[in-house]
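Below: the structure, in structure tokens.
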Amino acid sequence: MLLEGSYTLRSLQPFDASPLARYFDGLSDATRRRFKPHPLDHQTAASLCERSLAGELRYVVIWGKQIIGYFVLDSHSSQHEAARFLSHGIALQDGVDFLFAPSIADAWQGRGVASLSMPALLQFARVAGARSLVLMGGTQATNVAAIAFYEKLGFQRYGGYYTDMFNHDMRLCLEPV
């Protein structure tokens, strides 16, 4: 799918292992601390590109020949996420409540890449059967720009939890296709 300009949003492919590893290498410590669905190393990049797991959708944003964005949509909720949302009165269900983990390369943050990608990602989620997107691990309270971005998209806060800081649980209810 072509985004504005020369950006392309597409599913992660087997030939993306090296570009994905370079993407992971280029992330700052601050960005790494905010993205934790899996390790951000070369071995993980190779593994992600080699396999296709049922219920896991992975997308990349390409500019030129480099990956500048990486998104995970996972139709399997974790016990940790499910328990937290249940405490807020929301029973997450596998296959319809997708976990969502977005990341954008540091040099591209705040430049509209995520905003351009979201309509297509939301459509991909709907087509895959999602009724909602849950931010995987929540959003760190110190990540004010991300919270504002998610709320602009319609994500709602549902309390949160503490790690070394407070994390807001956030969820977006999707309209049917």
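Labels used: A, B, ... for chains in the order of the structure tokens, numbers from 1 for residues in each chain, and numbers from 1 for ligands as shown.
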Set out as a tab-separated table a contact list for region 68-113 of chain A and region 148-170 of chain A with a cut-off of 8 Å, giving each residue of region 68-113 of chain A that qualifies its closest atom pair and distance in Å to one decimal, counting only C-alpha atoms, ordered by chain and rising residue number.
```
residue	atom	partner	partner_atom	distance
A:Arg84	CA	A:Gly160	CA	7.6
A:Phe85	CA	A:Tyr158	CA	7.5
A:His88	CA	A:Tyr158	CA	6.5
```
Output of the above residues as a PDB file, in the first residue's frame, restricted to C-alpha atoms:
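Just written: result-v4.pdb:
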```pdb
ATOM      1  CA  ARG A  84      -5.618  -5.999  33.729  1.00  0.00           C
ATOM      2  CA  PHE A  85      -8.527  -5.278  31.392  1.00  0.00           C
ATOM      3  CA  HIS A  88     -11.665  -2.681  34.315  1.00  0.00           C
TER       4      HIS A  88
END
```
Residues of chain A classed as helix (DSSP H, G or I) by DSSP on the backbone are to be reported as a tab-separated table (two decimals) with C-alpha atoms, in the first residue's frame.
```
chain	number	residue	atom	x	y	z
A	14	PRO	CA	11.29	-13.03	4.54
A	15	PHE	CA	13.75	-10.74	2.72
A	16	ASP	CA	13.30	-8.04	5.41
A	17	ALA	CA	15.61	-9.69	7.98
A	18	SER	CA	18.64	-7.44	7.36
A	19	PRO	CA	16.68	-4.18	7.01
A	20	LEU	CA	14.68	-5.05	10.15
A	21	ALA	CA	17.88	-5.78	12.06
A	22	ARG	CA	19.27	-2.38	10.95
A	23	TYR	CA	16.00	-0.77	12.06
A	24	PHE	CA	16.32	-2.39	15.50
A	25	ASP	CA	20.00	-1.33	15.72
A	26	GLY	CA	19.07	2.28	14.98
A	29	ASP	CA	17.53	3.54	24.25
A	30	ALA	CA	14.44	5.67	24.92
A	31	THR	CA	12.53	4.07	22.04
A	32	ARG	CA	13.73	0.60	23.05
A	33	ARG	CA	12.39	1.12	26.58
A	34	ARG	CA	8.95	1.90	25.12
A	42	HIS	CA	19.44	-9.42	14.82
A	43	GLN	CA	18.41	-12.92	15.89
A	44	THR	CA	14.85	-11.80	16.55
A	45	ALA	CA	14.71	-9.90	13.24
A	46	ALA	CA	15.76	-13.06	11.38
A	47	SER	CA	13.29	-15.21	13.32
A	48	LEU	CA	10.38	-12.81	12.71
A	49	CYS	CA	11.07	-12.79	8.97
A	50	GLU	CA	11.47	-16.58	8.72
A	79	GLN	CA	-2.71	-13.32	30.46
A	80	HIS	CA	-1.20	-10.10	31.83
A	81	GLU	CA	-3.23	-7.89	29.44
A	82	ALA	CA	-6.40	-9.94	29.91
A	83	ALA	CA	-6.22	-9.75	33.71
A	84	ARG	CA	-5.62	-6.00	33.73
A	85	PHE	CA	-8.53	-5.28	31.39
A	86	LEU	CA	-10.81	-7.69	33.26
A	106	ASP	CA	13.63	7.91	16.09
A	107	ALA	CA	14.48	10.20	13.16
A	108	TRP	CA	10.94	9.77	11.82
A	113	VAL	CA	4.50	8.34	9.52
A	114	ALA	CA	2.27	6.72	12.14
A	115	SER	CA	-0.65	9.00	11.23
A	116	LEU	CA	-0.32	8.02	7.57
A	117	SER	CA	-0.08	4.32	8.47
A	118	MET	CA	-2.97	4.07	10.92
A	119	PRO	CA	-5.96	4.08	8.51
A	120	ALA	CA	-4.53	1.10	6.61
A	121	LEU	CA	-3.48	-0.70	9.82
A	122	LEU	CA	-6.97	-0.25	11.24
A	123	GLN	CA	-8.45	-1.64	8.04
A	124	PHE	CA	-6.05	-4.63	8.14
A	125	ALA	CA	-7.16	-5.29	11.73
A	126	ARG	CA	-10.86	-5.08	10.83
A	127	VAL	CA	-10.43	-7.44	7.88
A	144	VAL	CA	2.93	12.27	26.43
A	145	ALA	CA	3.16	12.57	22.62
A	146	ALA	CA	2.12	8.93	22.14
A	147	ILE	CA	-0.81	9.27	24.55
A	148	ALA	CA	-2.04	12.35	22.68
A	149	PHE	CA	-1.64	10.53	19.34
A	150	TYR	CA	-3.59	7.48	20.52
A	151	GLU	CA	-6.35	9.60	22.04
A	152	LYS	CA	-6.62	11.56	18.77
A	153	LEU	CA	-7.29	8.19	17.06
```
Taking the chain letters and numbering used in this document, name the residues of region 2-177 of chain A that DSSP puts in strand (DSSP E or B), as a PyMOL selection string.
chain A and resi 2+7-11+56-63+66-74+97-104+132-135+139-140+156-162+166-173
For Gly137 (chain A), which residue among A:Arg171, A:Arg51, A:Lys65, A:Arg58 is the nearest when counting only C-alpha atoms?
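So, comparing all the options, the nearest one is A:Arg171.
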Can you tell me how far CA of Ala130 (chain A) sits from CA of Gly69 (chain A), in Å to one decimal?
21.4 Å
Point-to-point distance in Å for CA of Ile90 (chain A) and CA of Pro37 (chain A)
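Going from CA of Pro37 (chain A) over to CA of Ile90 (chain A) covers 21.6 Å.
The interatomic distance for the pair CA of Gly129 (chain A) and CA of Ile68 (chain A) works out to 26.7 Å.
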